[in-house]
Structures are given as C-alpha cells and as structure tokens.
Amino acid sequence: MRLLLFIFFSATTFAQPLKINIVSDVIQAKDISDLDMSFELLLQLTEPLIASNAIEIEFIPASRLREWRELTNQSNVCLYNKVKTPEREHFGIFTDYPITAFPPNRLAVHSHLPLPEQLSLPQTMNDFGLTIGAIEGRAYGQHIDQFLLDNHDRIIWISGKDSAKRLRKMLIRKKVDAIIEFTATFSTESEADLAALTFHKLDEASESIFGYIACARSSVGQQAIDLFNGQLALPSNQKIIIDAHYASFFNQEAQYIAEDIKKKFDQPSSR
C-alpha cells in the first residue's frame, strides 16, 4: 500500500512541484502514527516545501535492499536516515547535514553469556562461538561492514520489510546469539526483558552514527537535495532536530547524541 501526500493547486499557482518518491523499509501506511523519530523529522522538514508547492512526495514502503535499487534505477527517488559512505556517494547525493544521530552500535546478547564489557567481533565468533545476526543492506560503519563482508557465510542475514524489528525479535526468542544494534531500539520492543539482555562495546564500532537524506544522482535528485539542504540550514529546523534527540534518548546518551548532531550543524556547509 502506498501513502500519498496530496497538495492542492490554486488558480494562481503556475509552477509545477518537484515530484519525488521517498522509499523506506519502515513506512507502513496502515500505522503511520507508530513511525520513528527520523520519519517524524522528515515530515517536519517537508511540510513547508509541500505547503509552498515546491515539492510533491509519494512515500513507498520497501525493503532496505529495494530502497537502494530504486535509488539507482529511478531518477526521482530519495531515501532518508541513511549513513553516508564513499560507496553510496557514487550513486546517491546526500544532504550537507544529517537529520539523525545515533550512538555507536553495540553487541546485544543474552545476559547469561559471560562476555567482557568490550570486545572485538572476531572474539565473538572465534573465542565465544556466537552466532551473529545482521541486516542485508544496512551500513553499520566501515569496520563492522568489513568484518561482516569477510565473514558473510558465517552471519545470519535478515532482509525485507521490518528487518531490524524482526532481527531483534529473533534475539529475544533466542534464534540467534547476538545482534549488532543500537541500545535504544530495544525500548520499543514489548517482548524484550531488558534485564535479560546485555549490551557490549565493540572495538570496530565508530562513535556516533549519522543519518542523512539521500537522493538519486540525477537532476531531479539534485533539485530535491537543494530543497532539503535549504530546510536543514535553517536554525529553527536545526533546533527541532536537536531537541528531538534530547527527547528520544536516555540520560547522558541523550546529551552526547544531541551535542554530536549540533557539532555537525556548526560545521560549514559543503556547498
């Protein structure tokens, strides 16, 4: 099912809006009220663009792998909350500033496993013999991605819609020993007994991870990115994004994440 945002034209409106499709693995039209912080922020950024007739958006649900296929194959596709990597920049144009920031990925396991507070991914497999689950098409960061690529056949891969949620449930139900995930995502899992899980630092994990809007490398994609960049450069929108991060995370983690994304906004634009 597709979710359409309609705009209506007055008799005095002559300019045609830029028509783009935003493809995402978390969009479910039947339950839009339950979508995540990044989607809510995206809506706030696009509302004035829609109201001014600058843009017309269709939201299309799809798997993570299909997201990137659509971006490559269609000139008017954009994605959101995506990690910027050199490989992805070959076929996508990214906004100058992120819309989201997340703390480092952790290794989530059941608390009965005797793991140190910090360890490497080779240790998890070679020393402790853990079976790790991961998501096809997700960017975990350069060093984690390289490990997963080098050990592809030893990883339990999940793909399709709601893959992250399904993988968390696999861990909770002990279908896998461990997954690489953000700690905060488990707070929304009704089945999760957080006291039964532990979260361990990974040597390969970077610091904060940032999510950007990415559009097809085309003239339409560039126009869309220019519009999004204009919205992200506004101090009022930057404050909305920073405040949302304070509200969405916990304790010191909220402060660190909000400060990290503020530092990104304070950097000069690359345009």
# chains A, B, ... in the order shown; residues from 1 in each chain; ligands from 1

call {"tool": "select_by_dssp", "arguments": {"residues": "stretch 127-167 of chain A", "states": "alpha helix (DSSP H)", "output": "number ranges by chain"}}
result
A: 142-150, 163-167

call {"tool": "residues_around", "arguments": {"residues": "stretch 165-171 of chain A", "least_positions_apart": "4", "cutoff": "8 Å", "atoms": "only C-alpha atoms", "output": "compact mmCIF listing (two decimals) with all heavy atoms, in the first residue's frame"}}
result
# COMPACT_ATOMS: atom_id res chain seq x y z
N VAL A 109 23.35 -9.23 23.51
CA VAL A 109 23.32 -10.67 23.78
C VAL A 109 22.49 -10.92 25.02
O VAL A 109 22.11 -10.00 25.75
CB VAL A 109 24.75 -11.23 24.01
CG1 VAL A 109 25.65 -10.99 22.81
CG2 VAL A 109 25.37 -10.61 25.26
N GLY A 133 23.48 -12.23 14.07
CA GLY A 133 22.50 -11.86 13.06
C GLY A 133 22.74 -10.44 12.59
O GLY A 133 23.13 -9.57 13.38
N ALA A 134 22.52 -10.18 11.30
CA ALA A 134 22.72 -8.84 10.73
C ALA A 134 21.69 -8.61 9.63
O ALA A 134 21.01 -9.54 9.18
CB ALA A 134 24.13 -8.67 10.20
N ILE A 135 21.58 -7.37 9.18
CA ILE A 135 20.57 -6.96 8.22
C ILE A 135 21.20 -6.68 6.87
O ILE A 135 22.15 -5.90 6.76
CB ILE A 135 19.83 -5.71 8.72
CG1 ILE A 135 19.15 -5.99 10.06
CG2 ILE A 135 18.80 -5.23 7.69
CD1 ILE A 135 18.68 -4.75 10.78
N ILE A 158 19.20 -11.15 7.58
CA ILE A 158 17.77 -10.89 7.51
C ILE A 158 17.55 -9.75 6.51
O ILE A 158 18.28 -8.77 6.50
CB ILE A 158 17.20 -10.47 8.89
CG1 ILE A 158 17.40 -11.59 9.91
CG2 ILE A 158 15.72 -10.12 8.79
CD1 ILE A 158 16.63 -12.85 9.60
N LYS A 175 16.80 -17.10 18.77
CA LYS A 175 17.05 -17.70 17.47
C LYS A 175 18.47 -17.41 16.99
O LYS A 175 18.99 -18.09 16.11
CB LYS A 175 16.04 -17.17 16.44
CG LYS A 175 14.58 -17.38 16.80
CD LYS A 175 14.21 -18.84 16.78
CE LYS A 175 12.70 -19.00 17.02
NZ LYS A 175 12.31 -20.44 17.04
N VAL A 176 19.07 -16.35 17.52
CA VAL A 176 20.48 -16.03 17.29
C VAL A 176 21.10 -15.68 18.65
O VAL A 176 20.39 -15.32 19.59
CB VAL A 176 20.69 -14.86 16.30
CG1 VAL A 176 20.24 -15.23 14.90
CG2 VAL A 176 19.96 -13.61 16.79
N ASP A 177 22.41 -15.80 18.73
CA ASP A 177 23.10 -15.49 20.00
C ASP A 177 23.29 -14.01 20.22
O ASP A 177 23.28 -13.54 21.36
CB ASP A 177 24.48 -16.17 20.03
CG ASP A 177 24.40 -17.68 19.97
OD1 ASP A 177 23.46 -18.24 20.54
OD2 ASP A 177 25.30 -18.28 19.34
N ALA A 178 23.51 -13.27 19.14
CA ALA A 178 23.85 -11.87 19.26
C ALA A 178 23.45 -11.11 18.00
O ALA A 178 23.38 -11.69 16.91
CB ALA A 178 25.36 -11.71 19.49
N ILE A 179 23.20 -9.81 18.17
CA ILE A 179 22.98 -8.94 17.02
C ILE A 179 23.72 -7.63 17.28
O ILE A 179 24.06 -7.29 18.41
CB ILE A 179 21.50 -8.66 16.74
CG1 ILE A 179 20.86 -7.84 17.87
CG2 ILE A 179 20.73 -9.96 16.53
CD1 ILE A 179 19.44 -7.38 17.55
N PHE A 186 15.68 -1.21 21.62
CA PHE A 186 15.01 -2.26 22.38
C PHE A 186 13.94 -1.71 23.32
O PHE A 186 13.10 -2.46 23.81
CB PHE A 186 16.02 -3.08 23.18
CG PHE A 186 16.79 -4.06 22.35
CD1 PHE A 186 17.95 -3.68 21.71
CD2 PHE A 186 16.34 -5.36 22.18
CE1 PHE A 186 18.67 -4.57 20.93
CE2 PHE A 186 17.04 -6.26 21.40
CZ PHE A 186 18.21 -5.87 20.77
N GLU A 191 8.18 -7.38 23.82
CA GLU A 191 8.60 -8.70 24.27
C GLU A 191 9.93 -8.68 25.02
O GLU A 191 10.29 -9.66 25.67
CB GLU A 191 8.75 -9.66 23.08
CG GLU A 191 7.44 -10.00 22.38
CD GLU A 191 7.67 -11.01 21.27
OE1 GLU A 191 8.55 -11.89 21.44
OE2 GLU A 191 7.02 -10.91 20.23

call {"tool": "atom_distance", "arguments": {"atom1": "atom CA of A:Gln123", "atom2": "atom CA of A:Ser163"}}
result
25.4 Å

call {"tool": "closest_residue", "arguments": {"among": "A:Asp25, A:Thr72, A:Val77, A:Leu45", "to": "A:Gln223", "atoms": "only C-alpha atoms"}}
result
A:Val77

call {"tool": "residues_around", "arguments": {"residues": "A:Ile209", "least_positions_apart": "6", "cutoff": "8 Å", "atoms": "only C-alpha atoms", "output": "PyMOL selection string"}}
result
chain A and resi 83+101-104+141

call {"tool": "write_last_selection", "arguments": {"atoms": "N, CA and C atoms", "output": "compact mmCIF listing (two decimals), in the first residue's frame"}}
result
# COMPACT_ATOMS: atom_id res chain seq x y z
N VAL A 83 23.19 6.26 6.30
CA VAL A 83 24.60 6.53 6.60
C VAL A 83 25.32 6.88 5.30
N ALA A 101 21.10 11.30 14.50
CA ALA A 101 22.37 10.78 15.02
C ALA A 101 22.03 9.67 16.00
N PHE A 102 22.85 8.63 16.00
CA PHE A 102 22.65 7.50 16.90
C PHE A 102 23.96 7.17 17.59
N PRO A 103 23.87 6.64 18.80
CA PRO A 103 25.10 6.22 19.50
C PRO A 103 25.74 5.05 18.78
N PRO A 104 26.94 4.65 19.17
CA PRO A 104 27.60 3.53 18.50
C PRO A 104 26.78 2.25 18.58
N GLY A 141 28.81 0.89 9.65
CA GLY A 141 30.08 1.59 9.86
C GLY A 141 31.18 0.81 9.16

call {"tool": "select_by_dssp", "arguments": {"residues": "stretch 85-124 of chain A", "states": "strand (DSSP E)", "output": "count of residues only"}}
result
13

call {"tool": "residues_around", "arguments": {"residues": "A:Ala196", "least_positions_apart": "4", "cutoff": "8 Å", "atoms": "only C-alpha atoms", "output": "PyMOL selection string"}}
result
chain A and resi 110-112

call {"tool": "atom_distance", "arguments": {"atom1": "atom CA of A:Gly129", "atom2": "atom CA of A:Glu181"}}
result
18.8 Å

call {"tool": "residues_around", "arguments": {"residues": "stretch 89-97 of chain A", "least_positions_apart": "2", "cutoff": "10 Å", "atoms": "only C-alpha atoms", "output": "PyMOL selection string"}}
result
chain A and resi 68+71-73+77-80+82-87+99-100+210-218+221-222+224-230+232-233+238+261+264-271

call {"tool": "atom_distance", "arguments": {"atom1": "atom CA of A:Ser120", "atom2": "atom CA of A:Arg106"}}
result
10.8 Å

call {"tool": "closest_residue", "arguments": {"among": "A:Tyr140, A:Trp157, A:Phe249, A:Phe147", "to": "A:Thr185", "atoms": "only C-alpha atoms"}}
result
A:Phe249

call {"tool": "closest_residue", "arguments": {"among": "A:Arg138, A:Lys201, A:Arg64, A:Arg69", "to": "A:Glu117", "atoms": "only C-alpha atoms"}}
result
A:Lys201

call {"tool": "residues_around", "arguments": {"residues": "A:Leu49", "least_positions_apart": "2", "cutoff": "12 Å", "atoms": "only C-alpha atoms", "output": "mmCIF file with all heavy atoms, in the first residue's frame"}}
result
data_model
loop_
_atom_site.group_PDB
_atom_site.id
_atom_site.type_symbol
_atom_site.label_atom_id
_atom_site.label_comp_id
_atom_site.auth_asym_id
_atom_site.auth_seq_id
_atom_site.Cartn_x
_atom_site.Cartn_y
_atom_site.Cartn_z
ATOM 1 N N LEU A 5 1.008 11.983 -0.070
ATOM 2 C CA LEU A 5 0.762 13.303 0.471
ATOM 3 C C LEU A 5 0.295 14.167 -0.698
ATOM 4 O O LEU A 5 1.038 14.394 -1.649
ATOM 5 C CB LEU A 5 2.044 13.895 1.072
ATOM 6 C CG LEU A 5 2.604 13.179 2.295
ATOM 7 C CD1 LEU A 5 3.767 13.999 2.851
ATOM 8 C CD2 LEU A 5 1.562 12.997 3.361
ATOM 9 N N ILE A 7 -1.130 17.600 -2.545
ATOM 10 C CA ILE A 7 -1.164 19.050 -2.448
ATOM 11 C C ILE A 7 -2.180 19.560 -3.456
ATOM 12 O O ILE A 7 -2.408 18.942 -4.501
ATOM 13 C CB ILE A 7 0.210 19.683 -2.702
ATOM 14 C CG1 ILE A 7 0.724 19.336 -4.101
ATOM 15 C CG2 ILE A 7 1.209 19.262 -1.681
ATOM 16 C CD1 ILE A 7 2.012 20.027 -4.417
ATOM 17 N N PRO A 17 5.184 21.414 -8.937
ATOM 18 C CA PRO A 17 6.067 20.953 -7.858
ATOM 19 C C PRO A 17 7.024 19.872 -8.353
ATOM 20 O O PRO A 17 6.740 19.164 -9.323
ATOM 21 C CB PRO A 17 5.085 20.380 -6.830
ATOM 22 C CG PRO A 17 3.921 19.928 -7.655
ATOM 23 C CD PRO A 17 3.802 20.936 -8.768
ATOM 24 N N LEU A 18 8.155 19.756 -7.670
ATOM 25 C CA LEU A 18 9.103 18.682 -7.941
ATOM 26 C C LEU A 18 8.510 17.392 -7.370
ATOM 27 O O LEU A 18 8.197 17.320 -6.184
ATOM 28 C CB LEU A 18 10.438 18.999 -7.280
ATOM 29 C CG LEU A 18 11.592 18.031 -7.562
ATOM 30 C CD1 LEU A 18 12.058 18.178 -9.008
ATOM 31 C CD2 LEU A 18 12.745 18.301 -6.609
ATOM 32 N N LYS A 19 8.355 16.387 -8.199
ATOM 33 C CA LYS A 19 7.731 15.140 -7.760
ATOM 34 C C LYS A 19 8.805 14.106 -7.443
ATOM 35 O O LYS A 19 9.598 13.734 -8.306
ATOM 36 C CB LYS A 19 6.789 14.603 -8.843
ATOM 37 C CG LYS A 19 5.611 15.532 -9.122
ATOM 38 C CD LYS A 19 4.665 14.933 -10.160
ATOM 39 C CE LYS A 19 3.488 15.863 -10.401
ATOM 40 N NZ LYS A 19 2.528 15.293 -11.388
ATOM 41 N N LEU A 42 11.551 14.045 9.171
ATOM 42 C CA LEU A 42 11.432 14.202 7.728
ATOM 43 C C LEU A 42 10.124 14.915 7.371
ATOM 44 O O LEU A 42 10.107 15.822 6.527
ATOM 45 C CB LEU A 42 11.498 12.834 7.043
ATOM 46 C CG LEU A 42 11.381 12.856 5.515
ATOM 47 C CD1 LEU A 42 12.648 13.433 4.893
ATOM 48 C CD2 LEU A 42 11.125 11.456 4.973
ATOM 49 N N LEU A 43 9.023 14.521 8.019
ATOM 50 C CA LEU A 43 7.739 15.169 7.755
ATOM 51 C C LEU A 43 7.791 16.660 8.089
ATOM 52 O O LEU A 43 7.267 17.494 7.346
ATOM 53 C CB LEU A 43 6.634 14.495 8.556
ATOM 54 C CG LEU A 43 6.179 13.108 8.107
ATOM 55 C CD1 LEU A 43 5.021 12.626 8.974
ATOM 56 C CD2 LEU A 43 5.778 13.098 6.636
ATOM 57 N N GLN A 44 8.438 17.001 9.207
ATOM 58 C CA GLN A 44 8.529 18.410 9.591
ATOM 59 C C GLN A 44 9.351 19.210 8.589
ATOM 60 O O GLN A 44 9.052 20.379 8.324
ATOM 61 C CB GLN A 44 9.126 18.531 10.995
ATOM 62 C CG GLN A 44 8.185 18.017 12.080
ATOM 63 C CD GLN A 44 8.710 18.304 13.469
ATOM 64 O OE1 GLN A 44 8.770 19.443 13.906
ATOM 65 N NE2 GLN A 44 9.075 17.256 14.188
ATOM 66 N N LEU A 45 10.372 18.585 8.010
ATOM 67 C CA LEU A 45 11.186 19.273 7.007
ATOM 68 C C LEU A 45 10.426 19.458 5.695
ATOM 69 O O LEU A 45 10.622 20.456 4.989
ATOM 70 C CB LEU A 45 12.469 18.489 6.737
ATOM 71 C CG LEU A 45 13.512 18.446 7.854
ATOM 72 C CD1 LEU A 45 14.638 17.496 7.476
ATOM 73 C CD2 LEU A 45 14.070 19.834 8.142
ATOM 74 N N THR A 46 9.598 18.492 5.354
ATOM 75 C CA THR A 46 8.920 18.541 4.052
ATOM 76 C C THR A 46 7.619 19.333 4.082
ATOM 77 O O THR A 46 7.170 19.804 3.033
ATOM 78 C CB THR A 46 8.626 17.117 3.544
ATOM 79 O OG1 THR A 46 7.878 16.391 4.532
ATOM 80 C CG2 THR A 46 9.905 16.370 3.223
ATOM 81 N N GLU A 47 7.006 19.498 5.241
ATOM 82 C CA GLU A 47 5.707 20.186 5.312
ATOM 83 C C GLU A 47 5.738 21.572 4.660
ATOM 84 O O GLU A 47 4.859 21.900 3.849
ATOM 85 C CB GLU A 47 5.239 20.277 6.767
ATOM 86 C CG GLU A 47 4.602 18.986 7.268
ATOM 87 C CD GLU A 47 4.281 19.038 8.756
ATOM 88 O OE1 GLU A 47 4.561 20.090 9.388
ATOM 89 O OE2 GLU A 47 3.751 18.042 9.280
ATOM 90 N N ALA A 51 3.668 22.761 1.385
ATOM 91 C CA ALA A 51 2.740 23.879 1.503
ATOM 92 C C ALA A 51 3.033 24.980 0.488
ATOM 93 O O ALA A 51 2.119 25.658 0.006
ATOM 94 C CB ALA A 51 2.796 24.448 2.920
ATOM 95 N N SER A 52 4.308 25.160 0.157
ATOM 96 C CA SER A 52 4.688 26.202 -0.797
ATOM 97 C C SER A 52 4.665 25.712 -2.243
ATOM 98 O O SER A 52 5.079 26.443 -3.148
ATOM 99 C CB SER A 52 6.095 26.724 -0.463
ATOM 100 O OG SER A 52 7.071 25.697 -0.648
ATOM 101 N N ASN A 53 4.213 24.492 -2.449
ATOM 102 C CA ASN A 53 4.114 23.899 -3.790
ATOM 103 C C ASN A 53 5.482 23.663 -4.419
ATOM 104 O O ASN A 53 5.610 23.569 -5.638
ATOM 105 C CB ASN A 53 3.259 24.776 -4.710
ATOM 106 C CG ASN A 53 2.730 24.008 -5.916
ATOM 107 O OD1 ASN A 53 2.441 22.815 -5.825
ATOM 108 N ND2 ASN A 53 2.604 24.688 -7.043
ATOM 109 N N ALA A 54 6.531 23.578 -3.587
ATOM 110 C CA ALA A 54 7.869 23.324 -4.120
ATOM 111 C C ALA A 54 8.074 21.855 -4.424
ATOM 112 O O ALA A 54 8.873 21.501 -5.299
ATOM 113 C CB ALA A 54 8.923 23.790 -3.125
ATOM 114 N N ILE A 55 7.356 20.993 -3.726
ATOM 115 C CA ILE A 55 7.611 19.564 -3.852
ATOM 116 C C ILE A 55 6.327 18.772 -3.651
ATOM 117 O O ILE A 55 5.411 19.216 -2.941
ATOM 118 C CB ILE A 55 8.694 19.136 -2.820
ATOM 119 C CG1 ILE A 55 9.384 17.854 -3.228
ATOM 120 C CG2 ILE A 55 8.121 19.042 -1.412
ATOM 121 C CD1 ILE A 55 10.666 17.583 -2.436
ATOM 122 N N GLU A 56 6.238 17.649 -4.288
ATOM 123 C CA GLU A 56 5.139 16.696 -4.094
ATOM 124 C C GLU A 56 5.773 15.339 -3.812
ATOM 125 O O GLU A 56 6.655 14.903 -4.562
ATOM 126 C CB GLU A 56 4.246 16.615 -5.326
ATOM 127 C CG GLU A 56 3.095 15.629 -5.190
ATOM 128 C CD GLU A 56 2.242 15.568 -6.439
ATOM 129 O OE1 GLU A 56 2.149 16.590 -7.155
ATOM 130 O OE2 GLU A 56 1.688 14.488 -6.724
ATOM 131 N N ILE A 57 5.351 14.700 -2.744
ATOM 132 C CA ILE A 57 6.020 13.490 -2.287
ATOM 133 C C ILE A 57 5.071 12.311 -2.239
ATOM 134 O O ILE A 57 3.928 12.426 -1.780
ATOM 135 C CB ILE A 57 6.634 13.692 -0.881
ATOM 136 C CG1 ILE A 57 7.673 14.807 -0.916
ATOM 137 C CG2 ILE A 57 7.275 12.402 -0.368
ATOM 138 C CD1 ILE A 57 8.231 15.170 0.442
ATOM 139 N N ALA A 224 16.011 18.074 -5.436
ATOM 140 C CA ALA A 224 15.438 17.680 -4.146
ATOM 141 C C ALA A 224 16.432 17.923 -3.016
ATOM 142 O O ALA A 224 16.074 18.457 -1.958
ATOM 143 C CB ALA A 224 15.016 16.206 -4.186
ATOM 144 N N ASP A 226 18.830 20.085 -2.945
ATOM 145 C CA ASP A 226 18.945 21.531 -2.727
ATOM 146 C C ASP A 226 17.811 22.034 -1.831
ATOM 147 O O ASP A 226 18.032 22.874 -0.942
ATOM 148 C CB ASP A 226 18.929 22.273 -4.062
ATOM 149 C CG ASP A 226 20.205 22.066 -4.868
ATOM 150 O OD1 ASP A 226 21.224 21.634 -4.278
ATOM 151 O OD2 ASP A 226 20.180 22.323 -6.089
ATOM 152 N N LEU A 227 16.596 21.515 -2.053
ATOM 153 C CA LEU A 227 15.459 21.916 -1.223
ATOM 154 C C LEU A 227 15.645 21.433 0.216
ATOM 155 O O LEU A 227 15.403 22.188 1.171
ATOM 156 C CB LEU A 227 14.158 21.350 -1.801
ATOM 157 C CG LEU A 227 13.676 21.979 -3.121
ATOM 158 C CD1 LEU A 227 12.516 21.178 -3.696
ATOM 159 C CD2 LEU A 227 13.264 23.428 -2.894
ATOM 160 N N PHE A 228 16.076 20.185 0.381
ATOM 161 C CA PHE A 228 16.298 19.650 1.733
ATOM 162 C C PHE A 228 17.438 20.393 2.434
ATOM 163 O O PHE A 228 17.361 20.671 3.638
ATOM 164 C CB PHE A 228 16.597 18.157 1.672
ATOM 165 C CG PHE A 228 15.417 17.310 1.287
ATOM 166 C CD1 PHE A 228 15.545 16.320 0.312
ATOM 167 C CD2 PHE A 228 14.181 17.477 1.888
ATOM 168 C CE1 PHE A 228 14.459 15.533 -0.043
ATOM 169 C CE2 PHE A 228 13.087 16.698 1.531
ATOM 170 C CZ PHE A 228 13.226 15.733 0.562
ATOM 171 N N ASN A 229 18.498 20.705 1.689
ATOM 172 C CA ASN A 229 19.609 21.454 2.274
ATOM 173 C C ASN A 229 19.143 22.818 2.777
ATOM 174 O O ASN A 229 19.588 23.293 3.832
ATOM 175 C CB ASN A 229 20.735 21.640 1.259
ATOM 176 C CG ASN A 229 21.664 20.436 1.197
ATOM 177 O OD1 ASN A 229 21.773 19.668 2.142
ATOM 178 N ND2 ASN A 229 22.340 20.272 0.068
ATOM 179 N N GLY A 230 18.251 23.451 2.014
ATOM 180 C CA GLY A 230 17.717 24.737 2.442
ATOM 181 C C GLY A 230 16.978 24.631 3.766
ATOM 182 O O GLY A 230 17.108 25.501 4.636
ATOM 183 N N GLN A 231 16.208 23.556 3.929
ATOM 184 C CA GLN A 231 15.476 23.343 5.178
ATOM 185 C C GLN A 231 16.424 23.034 6.332
ATOM 186 O O GLN A 231 16.249 23.523 7.451
ATOM 187 C CB GLN A 231 14.471 22.203 5.001
ATOM 188 C CG GLN A 231 13.303 22.540 4.091
ATOM 189 C CD GLN A 231 12.467 23.675 4.647
ATOM 190 O OE1 GLN A 231 12.543 24.810 4.172
ATOM 191 N NE2 GLN A 231 11.692 23.404 5.670
#
